[in-house]
file input28.cif (mmCIF, C-alpha atoms)
data_target
#
loop_
_atom_site.label_atom_id
_atom_site.label_comp_id
_atom_site.auth_asym_id
_atom_site.auth_seq_id
_atom_site.Cartn_x
_atom_site.Cartn_y
_atom_site.Cartn_z
CA MET C 54 0.65 -20.18 2.39
CA LYS C 55 -0.79 -20.18 -1.12
CA ILE C 56 0.64 -17.45 -3.36
CA ILE C 57 -1.15 -16.07 -6.42
CA SER C 58 -1.04 -12.98 -8.60
CA ASP C 59 -4.51 -12.68 -10.09
CA TYR C 60 -6.60 -9.51 -10.04
CA THR C 61 -9.76 -11.46 -10.93
CA ARG C 62 -9.58 -13.03 -7.47
CA ASP C 63 -9.47 -9.70 -5.64
CA THR C 64 -13.13 -10.01 -4.64
CA ALA C 65 -14.27 -10.83 -1.10
CA SER C 66 -14.09 -14.49 -0.06
CA LYS C 67 -16.38 -16.62 2.07
CA LYS C 68 -15.08 -16.73 5.61
CA LYS C 69 -17.15 -19.31 7.51
CA ASN C 70 -14.42 -20.28 9.96
CA ARG C 71 -14.23 -18.50 13.30
CA GLY C 72 -11.27 -16.16 13.49
CA SER C 73 -11.03 -15.64 9.72
CA TYR C 74 -9.85 -12.31 8.32
CA GLU C 75 -9.31 -10.62 4.97
CA TRP C 76 -7.68 -7.36 4.02
CA TRP C 77 -6.99 -5.22 0.95
CA TYR C 78 -3.67 -3.38 1.33
CA PHE C 79 -2.59 -0.30 -0.67
CA ASP C 80 0.54 1.82 -0.30
CA GLY C 81 2.45 4.48 -2.17
CA ILE C 82 5.62 6.59 -2.10
CA SER C 83 5.76 9.96 -3.83
CA LYS C 84 8.25 10.67 -6.60
CA ASP C 85 10.16 13.13 -4.44
CA ARG C 86 10.18 10.59 -1.54
CA GLU C 87 8.68 13.16 0.83
CA TYR C 88 5.31 11.47 1.32
CA SER C 89 4.16 7.90 1.73
CA PHE C 90 0.94 6.22 2.81
CA VAL C 91 -0.56 2.86 3.77
CA ILE C 92 -4.31 2.17 3.52
CA ILE C 93 -5.85 -1.14 4.61
CA PHE C 94 -9.51 -2.21 4.34
CA TYR C 95 -10.41 -5.12 6.63
CA GLU C 96 -13.28 -7.57 6.74
CA GLY C 97 -12.41 -9.23 10.02
CA ASN C 98 -9.88 -7.01 11.81
CA PRO C 99 -7.32 -9.47 13.26
CA PHE C 100 -5.99 -6.77 15.62
CA SER C 101 -9.42 -6.07 17.13
CA ARG C 102 -9.74 -6.57 20.86
CA ARG C 103 -13.51 -7.00 20.31
CA TYR C 104 -12.95 -9.81 17.79
CA ILE C 105 -10.39 -11.57 19.99
CA GLN C 106 -12.70 -11.40 23.00
CA ALA C 107 -15.61 -12.79 20.97
CA LEU C 108 -13.51 -15.74 19.83
CA SER C 109 -12.77 -16.71 23.42
CA SER C 110 -16.21 -15.99 24.88
CA GLY C 111 -18.21 -19.09 23.93
CA ASN C 112 -20.30 -20.42 21.08
CA ASN C 113 -22.11 -17.31 19.79
CA TYR C 114 -21.20 -17.80 16.13
CA LYS C 115 -22.50 -14.45 14.92
CA TYR C 116 -19.98 -12.47 16.93
CA GLN C 117 -17.12 -14.78 15.93
CA ASN C 118 -17.64 -13.99 12.24
CA ALA C 119 -15.29 -11.72 10.27
CA LYS C 120 -18.20 -9.71 8.84
CA GLU C 121 -18.90 -8.30 12.31
CA TYR C 122 -15.49 -6.55 12.47
CA PRO C 123 -14.85 -4.43 9.37
CA ALA C 124 -12.21 -1.74 9.74
CA LEU C 125 -10.09 0.80 7.91
CA SER C 126 -6.61 2.00 8.78
CA ILE C 127 -5.08 5.06 7.12
CA SER C 128 -1.48 6.12 7.73
CA ILE C 129 0.07 9.11 5.95
CA TYR C 130 3.73 10.00 6.45
CA SER C 131 5.97 12.97 5.67
CA LYS C 132 9.65 12.04 5.56
CA GLY C 133 8.84 8.89 7.52
CA LYS C 134 6.92 10.68 10.29
CA PRO C 135 3.13 10.31 10.63
CA VAL C 136 1.02 13.36 9.77
CA TYR C 137 -2.22 11.40 9.98
CA TYR C 138 -3.14 8.09 11.60
CA GLY C 139 -6.60 6.60 11.91
CA PHE C 140 -7.65 3.03 12.66
CA CYS C 141 -11.45 2.78 12.85
CA GLU C 142 -13.61 -0.29 13.28
CA TYR C 143 -17.24 -0.14 12.13
CA GLU C 144 -20.54 -1.86 12.72
CA ALA C 145 -21.22 -4.57 10.14
CA GLU C 146 -24.04 -2.58 8.54
CA ASN C 147 -21.61 0.28 7.80
CA ALA C 148 -19.35 -1.84 5.59
CA PHE C 149 -19.64 -4.01 2.49
CA PHE C 150 -17.16 -6.15 0.55
CA ASP C 151 -18.45 -7.54 -2.73
CA SER C 152 -17.93 -11.21 -3.62
CA GLU C 153 -18.57 -10.68 -7.34
CA LYS C 154 -17.13 -7.26 -8.15
CA ILE C 155 -13.85 -5.80 -6.91
CA LYS C 156 -15.10 -3.20 -4.51
CA GLY C 157 -15.37 -2.60 -0.81
CA LYS C 158 -16.55 -0.03 1.68
CA ALA C 159 -15.79 0.70 5.34
CA GLY C 160 -17.51 3.68 6.93
CA ASN C 161 -17.57 6.46 4.35
CA SER C 162 -14.45 5.25 2.53
CA GLU C 163 -14.39 2.84 -0.39
CA PHE C 164 -12.32 1.25 -3.14
CA SER C 165 -13.21 -0.21 -6.54
CA CYS C 166 -11.50 -1.61 -9.63
CA SER C 167 -12.14 -1.18 -13.35
CA ILE C 168 -10.41 -1.95 -16.66
CA ARG C 169 -10.00 0.83 -19.19
CA ASN C 170 -7.87 0.75 -22.35
CA GLU C 171 -6.02 -2.39 -21.20
CA LYS C 172 -5.20 -0.70 -17.90
CA LEU C 173 -6.10 -2.02 -14.45
CA ILE C 174 -7.33 0.93 -12.38
CA TYR C 175 -8.06 0.96 -8.66
CA GLU C 176 -9.76 4.02 -7.24
CA ILE C 177 -9.94 4.84 -3.54
CA ARG C 178 -12.13 7.46 -1.94
CA LEU C 179 -11.32 8.36 1.66
CA ASP C 180 -13.54 10.09 4.19
CA GLN C 181 -12.58 9.44 7.81
CA LYS C 182 -13.02 11.59 10.91
CA LEU C 183 -11.58 10.80 14.34
CA PRO C 184 -12.76 11.70 17.87
CA SER C 185 -9.69 13.96 18.18
CA GLY C 186 -11.08 16.19 15.44
CA ASP C 187 -8.49 15.01 12.92
CA SER C 188 -9.88 14.01 9.55
CA VAL C 189 -8.83 13.01 6.08
CA LYS C 190 -10.59 13.17 2.76
CA GLY C 191 -9.02 12.18 -0.49
CA THR C 192 -9.03 10.32 -3.75
CA LEU C 193 -6.35 8.04 -5.20
CA LYS C 194 -5.98 6.22 -8.52
CA PHE C 195 -3.67 3.21 -8.98
CA THR C 196 -2.97 2.43 -12.65
CA SER C 197 -1.02 -0.50 -14.12
CA ASP C 198 -0.91 -2.58 -17.28
CA ILE C 199 -3.04 -5.69 -17.11
CA GLY C 200 -0.01 -7.65 -18.28
CA ASP C 201 1.74 -6.79 -15.00
CA ASN C 202 -0.76 -9.03 -13.25
CA LEU C 203 -0.56 -12.12 -15.45
CA LEU C 204 2.17 -13.76 -13.39
CA ASN C 205 -0.11 -16.36 -11.88
CA SER C 206 1.26 -19.31 -13.87
CA LYS C 207 4.77 -18.60 -12.59
CA TRP C 208 3.82 -18.11 -8.97
CA LEU C 209 0.89 -20.36 -8.22
CA ASP C 210 1.50 -22.68 -5.29
CA ASN C 211 -1.10 -25.40 -5.67
CA HIS C 212 -1.08 -26.82 -2.16
CA THR C 213 -4.10 -26.10 -0.02
CA SER C 214 -3.62 -23.48 2.66
CA SER C 215 -5.48 -21.54 5.29
CA HIS C 216 -3.70 -18.37 4.15
CA ILE C 217 -3.77 -16.94 0.62
CA TRP C 218 -1.62 -14.00 -0.45
CA ASN C 219 -2.61 -12.39 -3.75
CA LEU C 220 -0.06 -9.95 -5.15
CA VAL C 221 -2.60 -8.07 -7.23
CA GLN C 222 -0.80 -4.93 -8.32
CA PRO C 223 2.91 -5.10 -7.46
CA GLN C 224 3.74 -1.91 -9.33
CA SER C 225 1.48 0.94 -10.37
CA ASP C 226 1.40 4.66 -10.98
CA VAL C 227 -0.47 6.54 -8.26
CA GLU C 228 -1.95 10.02 -8.31
CA GLY C 229 -4.40 11.77 -6.04
CA GLU C 230 -4.88 14.10 -3.12
CA PHE C 231 -5.18 14.01 0.66
CA ILE C 232 -6.94 16.80 2.54
CA ILE C 233 -6.02 16.50 6.22
CA GLY C 234 -8.04 18.52 8.72
CA GLY C 235 -7.79 19.10 12.44
CA TYR C 236 -4.78 19.88 14.60
CA LEU C 237 -2.25 20.27 11.76
CA PRO C 238 -4.23 20.73 8.53
CA ARG C 239 -2.56 20.32 5.15
CA THR C 240 -3.29 19.33 1.58
CA ILE C 241 -1.04 16.79 -0.13
CA ARG C 242 -1.11 16.36 -3.88
CA PHE C 243 0.35 12.95 -4.46
CA THR C 244 2.16 11.55 -7.51
CA GLY C 245 4.28 8.46 -7.24
CA GLN C 246 4.43 4.68 -7.33
CA GLY C 247 2.18 2.24 -5.53
CA TYR C 248 1.50 -1.35 -4.58
CA HIS C 249 -1.61 -3.42 -3.78
CA ASP C 250 -2.05 -6.90 -2.35
CA HIS C 251 -4.86 -8.94 -0.82
CA ASN C 252 -4.60 -11.30 2.16
CA LEU C 253 -7.04 -13.98 3.28
CA GLY C 254 -6.74 -16.02 6.46
CA LEU C 255 -9.21 -18.80 7.28
CA GLU C 256 -8.15 -19.12 10.93
CA PRO C 257 -6.88 -16.77 13.65
CA MET C 258 -3.62 -15.16 12.57
CA ASP C 259 -1.51 -16.70 15.33
CA ASN C 260 -2.58 -20.20 14.21
CA SER C 261 -0.89 -19.63 10.85
CA PHE C 262 2.51 -18.25 11.73
CA LEU C 263 4.86 -17.06 14.46
CA GLU C 264 6.45 -14.09 12.68
CA TRP C 265 6.05 -12.32 9.37
CA TYR C 266 8.54 -10.06 7.55
CA TRP C 267 7.39 -8.39 4.35
CA GLY C 268 8.65 -5.57 2.12
CA ARG C 269 8.49 -3.96 -1.29
CA PHE C 270 10.84 -1.59 -3.13
CA HIS C 271 10.29 0.26 -6.41
CA PHE C 272 13.28 0.94 -8.64
CA GLU C 273 12.96 3.00 -11.82
CA ASP C 274 12.45 -0.06 -14.02
CA SER C 275 11.44 -2.82 -11.60
CA THR C 276 9.99 -3.78 -8.21
CA PHE C 277 11.35 -6.10 -5.53
CA VAL C 278 8.92 -7.89 -3.17
CA TYR C 279 9.72 -10.40 -0.42
CA TYR C 280 8.08 -12.20 2.44
CA ILE C 281 9.47 -14.37 5.24
CA MET C 282 6.94 -16.39 7.22
CA LYS C 283 8.25 -18.18 10.30
CA LYS C 284 5.73 -20.93 11.02
CA LYS C 285 5.43 -23.50 13.79
CA SER C 286 6.23 -26.16 11.19
CA GLY C 287 9.21 -24.30 9.68
CA ASP C 288 10.01 -21.27 7.55
CA GLN C 289 8.46 -20.21 4.24
CA PHE C 290 10.30 -17.63 2.18
CA GLN C 291 10.19 -16.18 -1.31
CA ALA C 292 11.16 -12.99 -3.09
CA TRP C 293 10.64 -11.67 -6.60
CA HIS C 294 12.33 -9.13 -8.83
CA LEU C 295 9.64 -7.89 -11.22
CA GLY C 296 10.50 -5.93 -14.35
CA LYS C 297 8.11 -3.44 -15.90
CA ASN C 298 8.44 -5.45 -19.12
CA GLY C 299 6.68 -8.38 -17.41
CA SER C 300 9.82 -10.31 -16.46
CA CYS C 301 9.89 -12.13 -13.13
CA VAL C 302 12.96 -13.50 -11.33
CA THR C 303 12.19 -15.67 -8.29
CA ILE C 304 14.71 -15.40 -5.46
CA ASP C 305 14.36 -18.21 -2.94
CA ASN C 306 17.77 -19.63 -2.05
CA THR C 307 18.55 -18.21 1.39
CA PHE C 308 17.71 -15.42 3.82
CA ASP C 309 19.33 -14.20 7.02
CA LEU C 310 17.76 -12.09 9.76
CA GLU C 311 20.43 -10.08 11.56
CA TYR C 312 20.89 -7.33 14.16
CA LYS C 313 17.79 -8.05 16.21
CA SER C 314 16.57 -5.27 18.46
CA LEU C 315 14.01 -4.85 21.26
CA ASN C 316 11.50 -2.00 21.22
CA LEU C 317 9.87 -0.44 24.29
CA PHE C 318 7.16 -3.12 24.27
CA GLY C 319 9.58 -6.05 24.13
CA LEU C 320 9.04 -6.76 20.42
CA TYR C 321 12.19 -8.42 19.08
CA SER C 322 12.75 -7.93 15.35
CA SER C 323 15.64 -7.83 12.90
CA ARG C 324 16.94 -4.60 11.43
CA LYS C 325 19.02 -6.24 8.68
CA ILE C 326 17.72 -8.81 6.16
CA VAL C 327 19.96 -10.49 3.59
CA ILE C 328 18.26 -12.27 0.66
CA VAL C 329 20.23 -14.29 -1.90
CA GLY C 330 19.24 -16.35 -4.94
CA ASN C 331 19.39 -16.72 -8.75
CA GLY C 332 22.34 -14.38 -9.15
CA THR C 333 20.76 -11.69 -6.98
CA ASN C 334 22.02 -10.46 -3.62
CA CYS C 335 19.86 -8.04 -1.59
CA LEU C 336 20.61 -6.20 1.63
CA VAL C 337 17.57 -4.64 3.36
CA GLN C 338 18.16 -2.21 6.21
CA GLN C 339 15.05 -1.46 8.33
CA ASP C 340 16.51 1.80 9.52
CA GLN C 341 13.57 4.16 10.14
CA LEU C 342 10.56 3.21 12.25
CA MET C 343 7.29 4.68 11.02
CA ASP C 344 4.92 2.64 13.22
CA ASN C 345 6.05 0.94 16.42
CA GLY C 346 3.84 -1.21 18.66
CA PRO C 347 3.72 -4.33 20.85
CA PHE C 348 3.10 -6.77 17.97
CA TYR C 349 3.58 -4.78 14.76
CA GLN C 350 6.21 -2.51 13.19
CA ARG C 351 6.37 -0.60 9.91
CA PHE C 352 9.62 0.78 8.53
CA SER C 353 10.90 3.11 5.87
CA SER C 354 13.78 0.91 4.73
CA SER C 355 16.69 0.96 2.32
CA ILE C 356 17.79 -1.76 -0.07
CA VAL C 357 20.96 -2.43 -2.05
CA MET C 358 20.49 -5.04 -4.80
CA LYS C 359 23.33 -6.61 -6.77
CA SER C 360 22.45 -8.62 -9.88
CA ALA C 361 23.51 -9.14 -13.48
CA GLY C 362 22.02 -5.74 -14.24
CA GLY C 363 24.38 -4.00 -11.83
CA VAL C 364 23.88 -2.41 -8.43
CA LYS C 365 20.62 -0.66 -7.53
CA GLN C 366 19.63 1.25 -4.42
CA THR C 367 16.34 2.73 -3.26
CA ARG C 368 13.96 3.04 -0.31
CA GLY C 369 10.66 1.29 0.33
CA ILE C 370 8.17 0.10 2.93
CA THR C 371 8.70 -2.99 5.09
CA GLU C 372 6.72 -4.56 7.94
CA TYR C 373 7.06 -7.02 10.80
CA ILE C 374 4.23 -8.81 12.66
CA HIS C 375 4.36 -11.07 15.72
CA PRO C 376 0.72 -12.22 15.84
CA GLY C 377 0.96 -14.29 19.03
CA ARG C 378 1.37 -11.11 21.04
CA ILE C 379 -2.01 -9.80 19.83
CA ASN C 380 -3.78 -12.03 22.35
CA ASN C 381 -1.71 -10.80 25.28
CA ARG C 382 -4.13 -8.77 27.38
CA ILE C 383 -1.32 -6.72 28.89
CA PHE C 384 -1.12 -4.83 25.58
CA TRP C 385 -4.86 -4.22 25.17
CA PRO C 386 -4.86 -0.82 26.91
CA LEU C 387 -2.39 0.36 24.25
CA VAL C 388 -4.51 -1.11 21.45
CA ASN C 389 -7.62 0.55 22.88
CA MET C 390 -5.93 3.95 22.58
CA ARG C 391 -5.25 3.45 18.88
CA ILE C 392 -8.33 1.69 17.49
CA VAL C 393 -11.62 3.59 17.42
CA TYR C 394 -14.34 1.04 18.18
CA PRO C 395 -18.01 1.48 17.18
CA GLY C 396 -21.01 1.75 19.45
CA LYS C 397 -19.32 3.20 22.50
CA LYS C 398 -17.68 6.35 23.78
CA SER C 399 -14.20 6.75 22.37
CA HIS C 400 -11.13 6.40 24.57
CA TRP C 401 -10.26 9.61 26.41
CA VAL C 402 -6.79 9.67 24.79
CA GLN C 403 -8.43 9.60 21.34
CA GLN C 404 -10.46 12.68 22.22
CA SER C 405 -7.34 14.83 22.67
CA PRO C 406 -5.55 16.01 19.50
CA ARG C 407 -2.22 16.21 21.34
CA LEU C 408 -2.45 13.04 23.43
CA TYR C 409 -3.68 10.93 20.52
CA ARG C 410 -0.54 11.87 18.57
CA TRP C 411 1.50 10.27 21.33
CA THR C 412 0.05 6.90 20.26
CA TRP C 413 1.25 7.38 16.66
#
call {"tool": "encode", "arguments": {"input": "input28.cif", "output": "structure tokens"}}
result
Amino acid sequence: MKIISDYTRDTASKKKNRGSYEWWYFDGISKDREYSFVIIFYEGNPFSRRYIQALSSGNNYKYQNAKEYPALSISIYSKGKPVYYGFCEYEAENAFFDSEKIKGKAGNSEFSCSIRNEKLIYEIRLDQKLPSGDSVKGTLKFTSDIGDNLLNSKWLDNHTSSHIWNLVQPQSDVEGEFIIGGYLPRTIRFTGQGYHDHNLGLEPMDNSFLEWYWGRFHFEDSTFVYYIMKKKSGDQFQAWHLGKNGSCVTIDNTFDLEYKSLNLFGLYSSRKIVIVGNGTNCLVQQDQLMDNGPFYQRFSSSIVMKSAGGVKQTRGITEYIHPGRINNRIFWPLVNMRIVYPGKKSHWVQQSPRLYRWTW
């Protein structure tokens, strides 16, 4: 995997290879720790049953192209429990991701980037309605110093790769509002800290890696980010402790995955991650499931970090993906309940406000 931190490369990429995918990921945790969210714009939804079927159906190139499967997932949590979840795929004509400017659109929701007074500002406008009658509208603004993103020379991995991970905005101030309608309406005025990265894969996800652990934690004066990619050819691992003053400590000596546990779908993931290197010792506890499925999990997790600066503790967002299980047709009925596909009648579970919540 090629690792960069360069906001100028946050535009859409060419994806000529079949099975390619690209996503723009945003998350945030409120100052009082009550609310958190994850928003992902996709051009080429790697979790799409439609996309996977097209890739195995023959030589019709058009329907094996990432542009045919744009999507948007929105997850909003209160104390680690979902209060809104929507994962909608759209027809190609209802989405656009710009290759020259940093902006994208899926359905009626969109994001864009601008620079004002030496600040890097991402703005997101949300407008999503589900067959259940649930809906969300909102606006968010992610603001960081441009200097926070000039870490490319320290991080750039120059080998060629079919997967590029761009840590665009590792730490930012976030403010905005969510207006949730439907079964349990509420308005959330959000102020907190956020994170944004950009992933590009030039082949089907399960070709690249077997498992993926990722997480990020904001302390008062710094941010900790890690990833662990277990590949068919071996493991790739790195972590970074980023100071708000622009400092960057790379942590890449060792990691341990401990206390593995099975979920109801047979997904086997670790609950304890130990990361050590460059005078830093981190213990991550994935102790609260926020999203739990057959090939993907999201956690509200705790971290204890020991370094020369002392001992720090906080909570953050972590994830686990086992991409090989995406192609297992036994799980597709569960996926069909969660993802709203275009051009057809929605799943009967998605049409019920109460039953659809069971899939959250």
call {"tool": "resolve_selection", "arguments": {"input": "input28.cif", "expression": "the PyMOL selection byres ((chain C and resi 139-145) around 6)", "output": "PyMOL selection string"}}
result
chain C and resi 121+123-127+138+146-148+392-395
call {"tool": "resolve_selection", "arguments": {"input": "input28.cif", "expression": "the PyMOL selection byres ((chain C and resi 73-83) around 8)", "output": "JSON, numbers by chain"}}
result
{"C": [65, 66, 68, 69, 70, 71, 72, 84, 85, 86, 87, 88, 89, 90, 91, 92, 93, 94, 95, 96, 97, 98, 99, 118, 119, 227, 243, 244, 245, 246, 247, 248, 249, 250, 251, 252, 253, 254, 255, 256, 257, 258, 369]}
call {"tool": "closest_residue", "arguments": {"input": "input28.cif", "among": "C:Gly330, C:Pro386, C:Gly235, C:Pro135", "to": "His294 of chain C", "atoms": "all atoms listed in the file"}}
result
C:Gly330
call {"tool": "residues_around", "arguments": {"input": "input28.cif", "residues": "segment 170-177 of chain C", "least_positions_apart": "5", "cutoff": "6 Å", "atoms": "all atoms listed in the file", "output": "NGL selection string"}}
result
:C and (163-165 or 192-199)
call {"tool": "axis_aligned_box", "arguments": {"input": "input28.cif", "around": "segment 384-395 of chain C", "padding_each_side": "8 Å", "output": "AutoDock Vina command-line options"}}
result
--center_x -9.6 --center_y -0.4 --center_z 22.0 --size_x 32.9 --size_y 24.8 --size_z 25.7
call {"tool": "atom_distance", "arguments": {"input": "input28.cif", "atom1": "atom CA of Asn345 of chain C", "atom2": "atom CA of Phe384 of chain C"}}
result
13.0 Å
call {"tool": "resolve_selection", "arguments": {"input": "input28.cif", "expression": "the PyMOL selection byres ((chain C and resi 282) around 8)", "output": "compact mmCIF listing (two decimals) with C-alpha atoms, in the coordinates of the input"}}
result
# COMPACT_ATOMS: atom_id res chain seq x y z
CA PHE C 262 2.51 -18.25 11.73
CA LEU C 263 4.86 -17.06 14.46
CA GLU C 264 6.45 -14.09 12.68
CA TRP C 265 6.05 -12.32 9.37
CA TYR C 266 8.54 -10.06 7.55
CA TYR C 280 8.08 -12.20 2.44
CA ILE C 281 9.47 -14.37 5.24
CA LYS C 283 8.25 -18.18 10.30
CA LYS C 284 5.73 -20.93 11.02
CA ASP C 288 10.01 -21.27 7.55
CA GLN C 289 8.46 -20.21 4.24
CA PHE C 290 10.30 -17.63 2.18
call {"tool": "atom_distance", "arguments": {"input": "input28.cif", "atom1": "atom CA of Pro184 of chain C", "atom2": "atom CA of Arg239 of chain C"}}
result
18.4 Å
call {"tool": "atom_distance", "arguments": {"input": "input28.cif", "atom1": "atom CA of Phe270 of chain C", "atom2": "atom CA of Ile57 of chain C"}}
result
19.1 Å
call {"tool": "residues_around", "arguments": {"input": "input28.cif", "residues": "Trp413 of chain C", "least_positions_apart": "5", "cutoff": "12 Å", "atoms": "only C-alpha atoms", "output": "list in words"}}
result
Ile127, Ser128, Ile129, Tyr130, Gly133, Lys134, Pro135, Val136, Tyr137, Tyr138, Gly139, Phe140, Leu342, Met343, Asp344, Asn345, Gly346, Gln350, Arg351, Leu387, Val388, Met390, Arg391, Ile392, Val402, Gln403, Pro406, Arg407 and Leu408 of chain C
call {"tool": "closest_residue", "arguments": {"input": "input28.cif", "among": "C:Tyr60, C:Phe318, C:Phe100, C:Trp411", "to": "Val221 of chain C", "atoms": "only C-alpha atoms"}}
result
C:Tyr60
call {"tool": "residues_around", "arguments": {"input": "input28.cif", "residues": "Arg324 of chain C", "least_positions_apart": "6", "cutoff": "10 Å", "atoms": "all atoms listed in the file", "output": "PyMOL selection string"}}
result
chain C and resi 310-314+337-341+352+354
call {"tool": "residues_around", "arguments": {"input": "input28.cif", "residues": "Asn334 of chain C", "least_positions_apart": "4", "cutoff": "10 Å", "atoms": "all atoms listed in the file", "output": "PyMOL selection string"}}
result
chain C and resi 304+307-308+327-330+357-360+364
call {"tool": "closest_residue", "arguments": {"input": "input28.cif", "among": "C:Trp218, C:Ile155, C:Tyr409, C:Arg368", "to": "Lys132 of chain C", "atoms": "only C-alpha atoms"}}
result
C:Arg368
call {"tool": "residues_around", "arguments": {"input": "input28.cif", "residues": "Thr64 of chain C", "least_positions_apart": "3", "cutoff": "9 Å", "atoms": "only C-alpha atoms", "output": "list in words"}}
result
Tyr60, Thr61, Phe150, Asp151, Ser152, Glu153, Lys154, Ile155, Lys156 and Gly157 of chain C
call {"tool": "decode", "arguments": {"input": "input28.cif", "residues": "segment 232-247 of chain C", "atoms": "N, CA and C atoms", "output": "PDB file, in the first residue's frame"}}
result
ATOM      1  N   ILE C 232     -30.221  17.070  11.197  1.00  0.00           N
ATOM      2  CA  ILE C 232     -31.664  17.061  11.450  1.00  0.00           C
ATOM      3  C   ILE C 232     -32.183  15.698  11.019  1.00  0.00           C
ATOM      4  N   ILE C 233     -32.502  14.855  11.983  1.00  0.00           N
ATOM      5  CA  ILE C 233     -32.941  13.487  11.724  1.00  0.00           C
ATOM      6  C   ILE C 233     -34.466  13.446  11.791  1.00  0.00           C
ATOM      7  N   GLY C 234     -35.087  12.936  10.729  1.00  0.00           N
ATOM      8  CA  GLY C 234     -36.533  12.812  10.688  1.00  0.00           C
ATOM      9  C   GLY C 234     -36.957  11.356  10.641  1.00  0.00           C
ATOM     10  N   GLY C 235     -38.250  11.131  10.883  1.00  0.00           N
ATOM     11  CA  GLY C 235     -38.761   9.773  10.797  1.00  0.00           C
ATOM     12  C   GLY C 235     -39.202   9.222  12.135  1.00  0.00           C
ATOM     13  N   TYR C 236     -38.824   7.991  12.405  1.00  0.00           N
ATOM     14  CA  TYR C 236     -39.323   7.244  13.562  1.00  0.00           C
ATOM     15  C   TYR C 236     -38.955   7.901  14.890  1.00  0.00           C
ATOM     16  N   LEU C 237     -37.700   8.349  15.023  1.00  0.00           N
ATOM     17  CA  LEU C 237     -37.242   9.006  16.247  1.00  0.00           C
ATOM     18  C   LEU C 237     -36.537  10.311  15.870  1.00  0.00           C
ATOM     19  N   PRO C 238     -37.318  11.353  15.563  1.00  0.00           N
ATOM     20  CA  PRO C 238     -36.713  12.603  15.090  1.00  0.00           C
ATOM     21  C   PRO C 238     -35.910  13.306  16.178  1.00  0.00           C
ATOM     22  N   ARG C 239     -34.852  13.975  15.758  1.00  0.00           N
ATOM     23  CA  ARG C 239     -34.063  14.785  16.691  1.00  0.00           C
ATOM     24  C   ARG C 239     -33.168  15.722  15.887  1.00  0.00           C
ATOM     25  N   THR C 240     -32.723  16.777  16.538  1.00  0.00           N
ATOM     26  CA  THR C 240     -31.764  17.694  15.953  1.00  0.00           C
ATOM     27  C   THR C 240     -30.500  17.668  16.805  1.00  0.00           C
ATOM     28  N   ILE C 241     -29.372  17.496  16.151  1.00  0.00           N
ATOM     29  CA  ILE C 241     -28.092  17.413  16.839  1.00  0.00           C
ATOM     30  C   ILE C 241     -27.220  18.565  16.372  1.00  0.00           C
ATOM     31  N   ARG C 242     -26.837  19.416  17.275  1.00  0.00           N
ATOM     32  CA  ARG C 242     -25.882  20.479  16.964  1.00  0.00           C
ATOM     33  C   ARG C 242     -24.504  19.991  17.388  1.00  0.00           C
ATOM     34  N   PHE C 243     -23.644  19.870  16.413  1.00  0.00           N
ATOM     35  CA  PHE C 243     -22.392  19.143  16.623  1.00  0.00           C
ATOM     36  C   PHE C 243     -21.191  20.084  16.675  1.00  0.00           C
ATOM     37  N   THR C 244     -20.377  19.928  17.720  1.00  0.00           N
ATOM     38  CA  THR C 244     -19.084  20.605  17.834  1.00  0.00           C
ATOM     39  C   THR C 244     -18.089  19.595  18.376  1.00  0.00           C
ATOM     40  N   GLY C 245     -16.986  19.430  17.673  1.00  0.00           N
ATOM     41  CA  GLY C 245     -16.026  18.449  18.137  1.00  0.00           C
ATOM     42  C   GLY C 245     -14.801  18.386  17.255  1.00  0.00           C
ATOM     43  N   GLN C 246     -14.184  17.191  17.218  1.00  0.00           N
ATOM     44  CA  GLN C 246     -12.983  16.973  16.424  1.00  0.00           C
ATOM     45  C   GLN C 246     -13.255  15.930  15.350  1.00  0.00           C
ATOM     46  N   GLY C 247     -12.562  16.086  14.212  1.00  0.00           N
ATOM     47  CA  GLY C 247     -12.840  15.202  13.095  1.00  0.00           C
ATOM     48  C   GLY C 247     -11.590  14.707  12.393  1.00  0.00           C
TER      49      GLY C 247
END
